[in-house]
>>> print(open('query16.cif').read())   # mmCIF, C-alpha atoms
data_my_file
#
loop_
_atom_site.label_atom_id
_atom_site.label_comp_id
_atom_site.auth_asym_id
_atom_site.auth_seq_id
_atom_site.Cartn_x
_atom_site.Cartn_y
_atom_site.Cartn_z
CA MET A 1 5.66 -37.95 -3.75
CA ARG A 2 4.42 -35.23 -6.09
CA VAL A 3 6.64 -32.18 -6.44
CA ASP A 4 3.80 -29.70 -5.82
CA SER A 5 2.53 -31.28 -2.60
CA LEU A 6 3.55 -32.18 0.94
CA ARG A 7 2.31 -35.43 2.44
CA THR A 8 1.96 -35.91 6.16
CA ALA A 9 2.54 -39.22 7.85
CA SER A 10 -1.19 -40.00 7.87
CA GLY A 11 -1.59 -39.39 4.16
CA PRO A 12 -3.39 -36.03 3.54
CA THR A 13 -1.89 -33.82 0.87
CA ILE A 14 -1.23 -30.11 1.30
CA SER A 15 -0.65 -28.49 -2.07
CA TRP A 16 1.90 -25.77 -2.53
CA ARG A 17 -0.91 -23.62 -3.90
CA ALA A 18 -2.72 -23.88 -0.58
CA ILE A 19 0.49 -22.93 1.23
CA GLU A 20 0.88 -19.90 -1.05
CA CYS A 21 -2.69 -18.72 -0.49
CA TRP A 22 -2.78 -19.26 3.27
CA GLY A 23 0.75 -17.93 3.69
CA ALA A 24 0.04 -14.78 1.69
CA GLY A 25 -3.23 -14.16 3.54
CA ILE A 26 -1.71 -14.62 6.99
CA SER A 27 1.30 -12.49 6.01
CA LEU A 28 -0.93 -9.61 4.93
CA PHE A 29 -3.01 -9.91 8.10
CA LEU A 30 0.09 -9.71 10.30
CA GLN A 31 1.62 -6.90 8.25
CA ALA A 32 -1.61 -4.94 8.58
CA GLY A 33 -0.88 -4.63 12.29
CA ALA A 34 -4.23 -6.03 13.38
CA LEU A 35 -5.01 -7.33 16.88
CA LEU A 36 -1.56 -8.23 18.21
CA PRO A 37 -0.24 -4.63 18.45
CA LEU A 38 -3.51 -3.61 20.12
CA LEU A 39 -3.11 -6.28 22.78
CA LEU A 40 0.49 -5.23 23.46
CA ALA A 41 -0.07 -1.45 23.36
CA ASP A 42 -0.44 0.79 26.39
CA ALA A 43 -3.75 2.46 27.21
CA ASP A 44 -2.90 5.48 25.05
CA GLY A 45 -1.99 3.28 22.09
CA THR A 46 1.81 3.62 22.35
CA LEU A 47 4.10 0.62 22.08
CA SER A 48 6.96 0.09 24.51
CA GLU A 49 10.34 -1.16 23.33
CA SER A 50 9.59 -4.63 24.70
CA ALA A 51 6.28 -4.68 22.82
CA LYS A 52 8.04 -3.66 19.61
CA SER A 53 10.53 -6.49 20.12
CA ILE A 54 7.69 -8.98 20.47
CA LEU A 55 6.01 -7.63 17.34
CA ARG A 56 9.17 -8.28 15.32
CA LEU A 57 8.92 -12.02 15.99
CA PRO A 58 5.97 -12.74 13.63
CA CYS A 59 7.94 -11.10 10.83
CA PHE A 60 10.47 -13.93 10.67
CA PRO A 61 7.97 -16.63 9.56
CA ILE A 62 6.74 -14.15 6.92
CA TYR A 63 10.30 -13.63 5.70
CA ALA A 64 10.87 -17.40 5.58
CA PHE A 65 7.64 -17.94 3.63
CA THR A 66 8.64 -15.22 1.17
CA ILE A 67 12.09 -16.69 0.54
CA VAL A 68 10.73 -20.21 0.03
CA ILE A 69 8.10 -19.12 -2.49
CA LEU A 70 10.55 -16.98 -4.45
CA ILE A 71 13.08 -19.82 -4.60
CA ARG A 72 10.39 -22.15 -5.94
CA ASN A 73 9.43 -19.58 -8.57
CA PHE A 74 12.84 -18.09 -9.28
CA PRO A 75 12.46 -17.80 -13.10
CA GLN A 76 9.22 -15.80 -12.70
CA PHE A 77 10.94 -13.68 -10.06
CA LEU A 78 13.76 -12.86 -12.47
CA THR A 79 11.21 -12.00 -15.15
CA ALA A 80 9.48 -9.58 -12.79
CA LEU A 81 12.82 -7.97 -11.93
CA ARG A 82 13.76 -7.51 -15.59
CA ARG A 83 10.43 -6.00 -16.59
CA ASN A 84 10.66 -3.17 -14.06
CA LEU A 85 14.22 -2.22 -13.18
CA ILE A 86 13.18 0.89 -11.26
CA VAL A 87 11.70 -1.12 -8.37
CA PRO A 88 14.95 -2.98 -7.57
CA LEU A 89 16.87 0.27 -8.15
CA ILE A 90 14.74 2.07 -5.58
CA LEU A 91 15.11 -0.91 -3.25
CA VAL A 92 18.90 -0.51 -3.35
CA LEU A 93 18.64 3.12 -2.20
CA PRO A 94 17.91 2.38 1.50
CA PHE A 95 21.07 0.29 1.69
CA LEU A 96 23.14 2.88 -0.17
CA SER A 97 21.84 5.58 2.14
CA THR A 98 23.67 3.96 5.06
CA LEU A 99 26.79 5.60 3.57
CA TRP A 100 25.46 9.09 4.37
CA SER A 101 22.80 8.30 6.97
CA ILE A 102 22.84 10.19 10.29
CA GLY A 103 21.88 6.85 11.88
CA PRO A 104 23.54 4.06 9.86
CA SER A 105 22.52 1.19 12.16
CA THR A 106 18.87 2.29 12.16
CA THR A 107 18.90 2.73 8.40
CA LEU A 108 20.44 -0.69 7.77
CA ARG A 109 18.05 -2.51 10.12
CA ARG A 110 14.98 -0.89 8.59
CA ALA A 111 16.31 -1.37 5.06
CA ILE A 112 16.45 -5.13 5.66
CA GLY A 113 12.83 -5.08 6.81
CA LEU A 114 11.84 -3.11 3.72
CA LEU A 115 13.69 -5.58 1.49
CA PHE A 116 11.58 -8.51 2.69
CA CYS A 117 8.39 -6.47 2.36
CA VAL A 118 9.14 -5.74 -1.28
CA LEU A 119 10.05 -9.39 -1.84
CA LEU A 120 6.59 -10.29 -0.48
CA SER A 121 5.19 -7.87 -3.06
CA TYR A 122 6.96 -9.90 -5.74
CA VAL A 123 5.36 -13.07 -4.35
CA LEU A 124 1.90 -11.51 -4.63
CA ALA A 125 2.61 -10.24 -8.14
CA ILE A 126 3.95 -13.47 -9.64
CA ARG A 127 1.72 -15.99 -7.86
CA PHE A 128 -1.68 -14.28 -8.06
CA THR A 129 -3.73 -12.72 -10.84
CA PRO A 130 -5.56 -9.46 -10.02
CA ARG A 131 -8.84 -11.27 -9.36
CA GLN A 132 -7.12 -13.87 -7.16
CA LEU A 133 -5.42 -11.12 -5.17
CA LEU A 134 -8.79 -9.36 -4.90
CA PHE A 135 -10.31 -12.47 -3.31
CA LEU A 136 -7.32 -12.85 -0.99
CA LEU A 137 -7.73 -9.26 0.20
CA PHE A 138 -11.48 -9.70 0.46
CA VAL A 139 -10.95 -12.48 2.99
CA THR A 140 -8.03 -10.84 4.83
CA LEU A 141 -9.44 -7.32 5.12
CA GLY A 142 -12.89 -8.73 5.77
CA THR A 143 -11.48 -10.57 8.78
CA CYS A 144 -9.93 -7.34 10.10
CA ILE A 145 -13.13 -5.34 9.65
CA VAL A 146 -15.43 -7.99 11.12
CA LEU A 147 -13.13 -8.39 14.12
CA SER A 148 -13.14 -4.61 14.55
CA VAL A 149 -16.92 -4.51 14.64
CA VAL A 150 -17.11 -7.48 17.01
CA ILE A 151 -14.51 -6.14 19.45
CA SER A 152 -16.19 -2.72 19.48
CA VAL A 153 -19.35 -4.47 20.72
CA VAL A 154 -17.71 -6.95 23.08
CA SER A 155 -15.04 -4.62 24.51
CA PRO A 156 -15.77 -0.98 23.63
CA SER A 157 -13.01 0.33 25.90
CA LEU A 158 -10.39 -1.69 24.02
CA ALA A 159 -11.70 -0.79 20.57
CA THR A 160 -12.07 2.93 21.30
CA MET A 161 -9.44 5.65 21.54
CA PRO A 162 -9.37 8.15 24.42
CA ASP A 163 -11.08 10.75 22.20
CA GLY A 164 -13.98 8.36 21.57
CA ALA A 165 -13.09 7.44 17.98
CA MET A 166 -13.23 3.78 16.99
CA ARG A 167 -9.94 2.00 16.32
CA GLY A 168 -11.20 -1.59 16.16
CA VAL A 169 -8.40 -4.16 16.18
CA PHE A 170 -5.78 -1.52 15.31
CA ILE A 171 -3.80 0.75 17.62
CA HIS A 172 -5.04 3.97 16.03
CA LYS A 173 -8.26 5.22 14.45
CA ASN A 174 -6.44 6.36 11.30
CA VAL A 175 -5.16 2.84 10.64
CA LEU A 176 -8.70 1.47 10.99
CA GLY A 177 -9.83 4.18 8.59
CA TRP A 178 -7.21 3.21 6.00
CA TYR A 179 -8.13 -0.46 6.01
CA ALA A 180 -11.85 0.31 6.12
CA SER A 181 -11.32 2.42 3.00
CA LEU A 182 -9.51 -0.46 1.28
CA MET A 183 -12.25 -2.86 2.39
CA ILE A 184 -14.87 -0.62 0.80
CA LEU A 185 -12.87 -0.59 -2.44
CA VAL A 186 -12.40 -4.36 -2.44
CA ALA A 187 -16.06 -5.03 -1.60
CA THR A 188 -17.18 -2.61 -4.32
CA ALA A 189 -14.92 -4.37 -6.82
CA MET A 190 -16.46 -7.70 -5.81
CA LEU A 191 -19.95 -6.26 -6.34
CA ILE A 192 -19.01 -4.89 -9.77
CA ASP A 193 -17.17 -8.04 -10.86
CA GLY A 194 -19.65 -10.65 -9.72
CA THR A 195 -17.67 -13.58 -11.19
CA LEU A 196 -16.79 -14.96 -7.74
CA GLY A 197 -20.45 -15.19 -6.71
CA LEU A 198 -19.99 -13.46 -3.35
CA ARG A 199 -22.11 -10.36 -3.81
CA ARG A 200 -24.20 -10.86 -0.66
CA THR A 201 -21.09 -11.27 1.48
CA ALA A 202 -19.47 -8.35 -0.34
CA PHE A 203 -22.42 -6.09 0.49
CA ILE A 204 -22.24 -7.06 4.18
CA LEU A 205 -18.50 -6.33 4.33
CA TRP A 206 -19.04 -3.10 2.39
CA ALA A 207 -21.53 -1.98 5.03
CA ALA A 208 -19.17 -3.02 7.85
CA GLY A 209 -16.38 -1.06 6.15
CA MET A 210 -18.61 2.01 5.96
CA VAL A 211 -19.40 1.73 9.67
CA CYS A 212 -15.72 1.47 10.57
CA LEU A 213 -14.79 4.32 8.25
CA ALA A 214 -17.39 6.66 9.73
CA SER A 215 -16.62 5.61 13.31
CA SER A 216 -12.88 6.13 12.87
CA GLY A 217 -13.34 9.73 11.76
CA SER A 218 -10.18 9.52 9.61
CA MET A 219 -10.42 12.36 7.08
CA THR A 220 -7.57 10.89 5.03
CA ALA A 221 -9.49 7.63 4.63
CA ILE A 222 -12.77 9.42 3.88
CA ILE A 223 -11.12 11.51 1.16
CA ALA A 224 -9.39 8.40 -0.26
CA THR A 225 -12.71 6.55 -0.39
CA SER A 226 -14.35 9.46 -2.19
CA VAL A 227 -11.48 9.54 -4.67
CA ALA A 228 -11.84 5.77 -5.17
CA TYR A 229 -15.43 6.09 -6.35
CA CYS A 230 -14.49 8.93 -8.69
CA LEU A 231 -11.71 6.75 -10.09
CA ILE A 232 -14.07 3.79 -10.55
CA GLY A 233 -16.24 6.01 -12.72
CA PHE A 234 -13.22 7.33 -14.60
CA TYR A 235 -11.74 3.89 -15.36
CA THR A 236 -15.13 2.45 -16.29
CA LEU A 237 -15.69 5.29 -18.75
CA LEU A 238 -12.12 4.89 -20.04
CA GLN A 239 -12.63 1.20 -20.80
CA ARG A 240 -15.86 1.83 -22.71
CA SER A 241 -14.45 4.65 -24.85
CA SER A 242 -12.67 4.56 -28.19
CA SER A 243 -8.97 5.38 -28.56
CA ILE A 244 -9.60 9.07 -29.31
CA GLY A 245 -12.22 9.28 -26.57
CA ARG A 246 -9.73 7.89 -24.08
CA VAL A 247 -7.26 10.67 -24.87
CA VAL A 248 -9.94 13.29 -24.27
CA ILE A 249 -11.05 11.64 -21.01
CA VAL A 250 -7.48 11.38 -19.70
CA LEU A 251 -6.68 15.00 -20.56
CA PHE A 252 -9.88 16.19 -18.90
CA PHE A 253 -9.21 14.10 -15.80
CA VAL A 254 -5.62 15.31 -15.50
CA GLN A 255 -6.66 18.94 -15.85
CA LEU A 256 -9.45 18.47 -13.34
CA SER A 257 -7.07 16.82 -10.84
CA LEU A 258 -4.52 19.61 -11.21
CA GLY A 259 -7.25 22.20 -10.75
CA ILE A 260 -8.46 20.52 -7.57
CA LEU A 261 -4.93 20.30 -6.15
CA ILE A 262 -4.24 23.97 -6.91
CA SER A 263 -7.56 24.96 -5.37
CA LEU A 264 -6.86 22.94 -2.23
CA HIS A 265 -3.43 24.53 -1.91
CA GLU A 266 -4.85 28.05 -2.23
CA PHE A 267 -8.24 27.85 -0.54
CA LEU A 268 -8.28 24.87 1.86
CA VAL A 269 -6.91 26.68 4.93
CA PRO A 270 -9.13 29.78 4.49
CA ALA A 271 -12.15 27.53 3.97
CA LEU A 272 -11.39 25.54 7.13
CA GLU A 273 -10.96 28.74 9.12
CA ALA A 274 -14.29 30.06 7.81
CA LEU A 275 -16.00 26.83 8.86
CA GLY A 276 -14.39 26.90 12.30
CA LYS A 277 -12.38 23.72 11.61
CA ASP A 278 -8.75 23.00 12.44
CA ALA A 279 -6.88 24.92 9.75
CA THR A 280 -3.61 23.21 10.69
CA LEU A 281 -4.96 19.79 9.60
CA THR A 282 -4.35 18.39 13.11
CA GLY A 283 -0.92 19.99 13.34
CA ARG A 284 0.24 18.93 9.88
CA VAL A 285 0.62 22.39 8.35
CA PRO A 286 3.16 23.72 10.90
CA LEU A 287 4.90 20.33 10.80
CA TRP A 288 5.24 20.52 7.00
CA GLU A 289 6.72 24.02 7.22
CA LEU A 290 9.47 22.76 9.52
CA VAL A 291 10.02 19.60 7.48
CA ASP A 292 10.46 21.62 4.29
CA ARG A 293 13.27 23.57 5.93
CA GLU A 294 15.04 20.35 6.88
CA ILE A 295 14.59 19.00 3.37
CA SER A 296 16.21 22.11 1.91
CA ASP A 297 19.27 21.56 4.12
CA ARG A 298 19.92 18.10 2.61
CA TRP A 299 18.00 18.26 -0.65
CA LEU A 300 20.38 16.04 -2.66
CA LEU A 301 20.78 12.85 -0.58
CA GLY A 302 18.57 13.33 2.47
CA TYR A 303 19.31 12.07 5.97
CA GLY A 304 19.33 8.34 5.22
CA TYR A 305 16.44 5.88 5.09
CA GLN A 306 14.12 6.54 8.07
CA ALA A 307 16.99 8.06 10.06
CA PHE A 308 15.47 11.51 10.54
CA TRP A 309 12.60 10.59 12.90
CA THR A 310 14.74 9.19 15.71
CA THR A 311 15.49 10.46 19.20
CA VAL A 312 19.22 10.65 18.39
CA ASN A 313 18.54 13.29 15.72
CA PRO A 314 18.68 16.76 17.31
CA GLU A 315 16.78 18.31 14.38
CA ALA A 316 13.82 16.00 15.00
CA THR A 317 13.92 16.66 18.75
CA HIS A 318 13.95 20.41 18.16
CA MET A 319 11.03 20.04 15.76
CA TRP A 320 8.99 18.02 18.28
CA LEU A 321 9.56 20.67 20.95
CA LYS A 322 8.53 23.42 18.56
CA ILE A 323 5.26 21.83 17.42
CA GLY A 324 4.44 20.37 20.83
CA TRP A 325 4.05 16.70 19.85
CA ALA A 326 6.34 13.84 18.80
CA ALA A 327 5.52 13.35 15.13
CA PRO A 328 6.55 9.80 14.10
CA HIS A 329 6.89 10.89 10.47
CA ALA A 330 6.20 13.86 8.20
CA HIS A 331 2.53 12.91 7.66
CA ASN A 332 3.31 13.20 3.97
CA GLY A 333 4.87 10.31 2.10
CA TYR A 334 6.49 12.48 -0.55
CA ARG A 335 8.23 14.65 2.04
CA ASP A 336 9.46 11.54 3.86
CA ILE A 337 11.03 10.26 0.63
CA LEU A 338 12.93 13.54 0.35
CA LEU A 339 13.98 13.31 4.01
CA SER A 340 15.29 9.79 3.46
CA PHE A 341 16.83 9.99 -0.02
CA GLY A 342 16.62 13.58 -1.25
CA ILE A 343 16.22 14.27 -4.95
CA VAL A 344 18.27 11.15 -5.73
CA GLY A 345 15.43 9.00 -4.42
CA MET A 346 12.50 11.15 -5.51
CA VAL A 347 13.46 11.28 -9.21
CA PRO A 348 13.24 7.51 -9.95
CA PHE A 349 10.12 7.22 -7.80
CA VAL A 350 8.40 10.01 -9.74
CA LEU A 351 9.52 8.49 -13.05
CA MET A 352 8.09 5.11 -12.04
CA LEU A 353 4.59 6.35 -11.18
CA PRO A 354 3.32 7.68 -14.55
CA HIS A 355 4.68 4.61 -16.32
CA ALA A 356 2.91 2.29 -13.86
CA ILE A 357 -0.36 4.24 -14.08
CA ARG A 358 -0.24 4.11 -17.88
CA GLN A 359 0.46 0.37 -17.87
CA GLY A 360 -2.36 -0.25 -15.41
CA ALA A 361 -4.83 1.75 -17.50
CA SER A 362 -3.75 -0.11 -20.65
CA LEU A 363 -4.29 -3.47 -18.96
CA HIS A 364 -7.71 -2.36 -17.73
CA CYS A 365 -8.74 -1.35 -21.26
CA HIS A 366 -7.26 -4.27 -23.21
CA ASP A 367 -7.35 -7.22 -20.81
CA THR A 368 -10.82 -7.63 -19.34
CA GLN A 369 -10.26 -11.23 -18.24
CA TYR A 370 -8.55 -10.60 -14.90
CA GLY A 371 -10.30 -7.50 -13.59
CA TRP A 372 -7.66 -4.74 -13.37
CA LEU A 373 -10.07 -2.01 -12.24
CA TRP A 374 -9.51 -2.29 -8.50
CA LEU A 375 -5.70 -2.41 -8.75
CA ASN A 376 -5.69 0.80 -10.78
CA VAL A 377 -7.93 2.51 -8.25
CA LEU A 378 -5.88 1.13 -5.33
CA THR A 379 -2.65 2.58 -6.73
CA ILE A 380 -3.98 6.12 -7.01
CA MET A 381 -5.82 5.83 -3.69
CA ILE A 382 -2.52 5.19 -1.95
CA LEU A 383 -0.95 8.13 -3.77
CA VAL A 384 -3.75 10.31 -2.37
CA MET A 385 -3.36 8.88 1.14
CA ASN A 386 0.28 9.89 1.13
CA LEU A 387 -0.66 13.55 0.81
CA THR A 388 -1.47 13.57 4.53
CA GLU A 389 0.05 10.28 5.75
CA SER A 390 3.39 8.51 5.27
CA ILE A 391 2.99 5.06 3.76
CA PHE A 392 5.70 4.97 1.09
CA PHE A 393 8.75 2.84 1.95
CA VAL A 394 7.35 1.77 5.33
CA GLN A 395 8.69 -1.63 6.32
CA ASN A 396 6.28 -4.33 7.50
CA ASP A 397 3.26 -2.45 6.19
CA ALA A 398 0.53 -4.20 4.20
CA ILE A 399 -0.57 -1.08 2.32
CA PHE A 400 2.89 -0.38 0.90
CA ILE A 401 3.26 -4.09 0.09
CA LEU A 402 0.04 -3.95 -1.95
CA PHE A 403 1.09 -0.69 -3.63
CA THR A 404 4.39 -2.21 -4.73
CA ALA A 405 2.72 -5.46 -5.78
CA ALA A 406 0.36 -3.51 -8.04
CA ILE A 407 3.23 -1.69 -9.75
CA ILE A 408 5.17 -4.95 -10.22
CA MET A 409 2.06 -6.69 -11.56
CA PHE A 410 1.42 -3.92 -14.09
CA SER A 411 4.95 -4.19 -15.47
CA LEU A 412 4.84 -7.99 -15.41
CA TYR A 413 1.65 -8.34 -17.46
CA ALA A 414 1.75 -5.24 -19.67
CA PRO A 415 4.32 -6.47 -22.25
CA VAL A 416 2.51 -9.79 -22.69
CA VAL A 417 -0.91 -8.20 -22.96
CA SER A 418 0.26 -5.57 -25.46
CA THR A 419 1.80 -8.30 -27.63
CA SER A 420 -1.19 -10.61 -27.44
CA HIS A 421 -3.58 -7.71 -28.03
CA SER A 422 -1.83 -6.76 -31.25
CA GLN A 423 -1.55 -10.36 -32.44
CA SER A 424 -4.11 -12.85 -31.15
CA ARG A 425 -5.61 -11.21 -28.02
CA GLN A 426 -4.52 -14.14 -25.87
CA ALA A 427 -4.57 -13.95 -22.04
CA PRO A 428 -1.18 -13.42 -20.34
CA SER A 429 -1.49 -15.77 -17.43
CA HIS A 430 0.15 -18.88 -18.85
CA GLY A 431 3.54 -19.47 -17.23
CA LEU A 432 3.08 -16.69 -14.70
CA THR A 433 0.44 -17.92 -12.28
CA SER A 434 -1.43 -21.06 -11.50
CA GLY A 435 -5.19 -21.07 -11.18
CA LEU A 436 -6.86 -20.36 -7.89
CA GLN A 437 -10.01 -22.43 -7.78
CA ILE A 438 -12.72 -20.56 -5.89
CA SER A 439 -16.16 -22.04 -5.78
#
>>> encode(input="query16.cif", output="structure tokens")
Amino acid sequence: MRVDSLRTASGPTISWRAIECWGAGISLFLQAGALLPLLLADADGTLSESAKSILRLPCFPIYAFTIVILIRNFPQFLTALRRNLIVPLILVLPFLSTLWSIGPSTTLRRAIGLLFCVLLSYVLAIRFTPRQLLFLLFVTLGTCIVLSVVISVVSPSLATMPDGAMRGVFIHKNVLGWYASLMILVATAMLIDGTLGLRRTAFILWAAGMVCLASSGSMTAIIATSVAYCLIGFYTLLQRSSSIGRVVIVLFFVQLSLGILISLHEFLVPALEALGKDATLTGRVPLWELVDREISDRWLLGYGYQAFWTTVNPEATHMWLKIGWAAPHAHNGYRDILLSFGIVGMVPFVLMLPHAIRQGASLHCHDTQYGWLWLNVLTIMILVMNLTESIFFVQNDAIFILFTAAIIMFSLYAPVVSTSHSQSRQAPSHGLTSGLQIS
């Protein structure tokens, strides 16, 4: 029997590559929280403790799949670890935080879940090239979006929230908005790339993603989608420019981004008030004010990984009573990092981001074979999403898995591409991934 295949009693062969592709796709679908949570949720979209227990069960096959694939590709896994030491360092922090956590058992349990999510990110990074991962997401997210459209037609009451916004196969409209935004990015990348020959299907899924995005009414997703198209233009211009031109473009883009952020900080609330819109950003502004006070109380180490937003924490309970709703998180990923780990966790995370963004941009400019554009845009999109949502370090979450996979993939390929670019301009895939034949 061949090493890279499994033979059934009747003779058909299932290649390990097929297991990797199907396993990764199914894992991402389940980690996206599509369909099953919706079927188990109450009418208002909340999940009971028994429903949460049931939802933990599909995670175990995902964990088993992840371990098996990493064992089979252990040398590549070690290479990925060595080429970016900050990722495993940050991964250790949730476990270390049990030493000072206000809820050690909660922190430890969730840290284990986060560990396997990051390990799945390593699987995606070492077993798929950017274009292969693009196709995998195209199929997975396309399934979620098509199902959302179908269920909204077949069962509108199930696919709609009490306020009338569309949630599709997800338990909340914002989650549909996030994945619709990613679907639009992936479909756009497929349309730009064209090497996979699926432009007609990509246009259909792009349109379905637009419908879901608009119907969800998620402002975070709408802003992220707008940013994505700006970034597509930026990275396209960056790739076509000379070395000096790239410096000018980057400096201009950085200054423009800082100017926009400063303007939003100073003028967003007055502008919303003038337009008669919710100046609190759906309760986020008063929530952030209270969260900042709690951060200042434990600014060095935080409260322990995901230990703050629990019913056993009196500070969280007091905060919920004060704002009038039970916030599940800070609605800001950067603030939640500070709540969990304090400055000790924020410093390595902040140091990792510019390095990853620089590596991704370098790969996009120097290695045109694999199509790095969408991964670069995806990374910054998720950074933007975390300004008003909390996605960083969320266990069993497909978006954070993809974010981490992108950072790992940048660090995995960048040294090889830089060497080959300066010597013989050879592609970096040999020894890292096997080909994914897509006809």
>>> residues_around(input="query16.cif", residues="stretch 203-207 of chain A", least_positions_apart="5", cutoff="12 Å", atoms="only C-alpha atoms", output="count of residues only")
34
>>> resolve_selection(input="query16.cif", expression="the PyMOL selection byres ((chain A and resi 386) around 12)", output="ChimeraX atom specification")
/A:178,220-221,223-224,329-337,379-385,387-394,399-400,403
>>> atom_distance(input="query16.cif", atom1="atom CA of A:Asn313", atom2="atom CA of A:Gly45")
23.7 Å
>>> closest_residue(input="query16.cif", among="A:Ile126, A:Ala159, A:Ile26, A:Leu251", to="A:Ser411", atoms="all atoms listed in the file")
A:Ile126
>>> resolve_selection(input="query16.cif", expression="the PyMOL selection byres ((chain A and resi 61) around 12)", output="list in words")
Gly23, Ala24, Ile26, Ser27, Leu30, Gln31, Arg56, Leu57, Pro58, Cys59, Phe60, Ile62, Tyr63, Ala64, Phe65, Thr66, Ile67, Val68, Phe116 and Leu120 of chain A
>>> write_last_selection(input="query16.cif", atoms="C-alpha atoms", output="CSV table (one decimal), in the frame of the given file")
chain,number,residue,atom,x,y,z
A,23,GLY,CA,0.8,-17.9,3.7
A,24,ALA,CA,0.0,-14.8,1.7
A,26,ILE,CA,-1.7,-14.6,7.0
A,27,SER,CA,1.3,-12.5,6.0
A,30,LEU,CA,0.1,-9.7,10.3
A,31,GLN,CA,1.6,-6.9,8.2
A,56,ARG,CA,9.2,-8.3,15.3
A,57,LEU,CA,8.9,-12.0,16.0
A,58,PRO,CA,6.0,-12.7,13.6
A,59,CYS,CA,7.9,-11.1,10.8
A,60,PHE,CA,10.5,-13.9,10.7
A,62,ILE,CA,6.7,-14.2,6.9
A,63,TYR,CA,10.3,-13.6,5.7
A,64,ALA,CA,10.9,-17.4,5.6
A,65,PHE,CA,7.6,-17.9,3.6
A,66,THR,CA,8.6,-15.2,1.2
A,67,ILE,CA,12.1,-16.7,0.5
A,68,VAL,CA,10.7,-20.2,0.0
A,116,PHE,CA,11.6,-8.5,2.7
A,120,LEU,CA,6.6,-10.3,-0.5
>>> atom_distance(input="query16.cif", atom1="atom CA of A:Ile262", atom2="atom CA of A:Arg298")
26.6 Å
>>> atom_distance(input="query16.cif", atom1="atom CA of A:Ser242", atom2="atom CA of A:Arg83")
27.9 Å
>>> closest_residue(input="query16.cif", among="A:Leu339, A:Pro162, A:Phe252, A:Leu321", to="A:Glu294", atoms="only C-alpha atoms")
A:Leu339
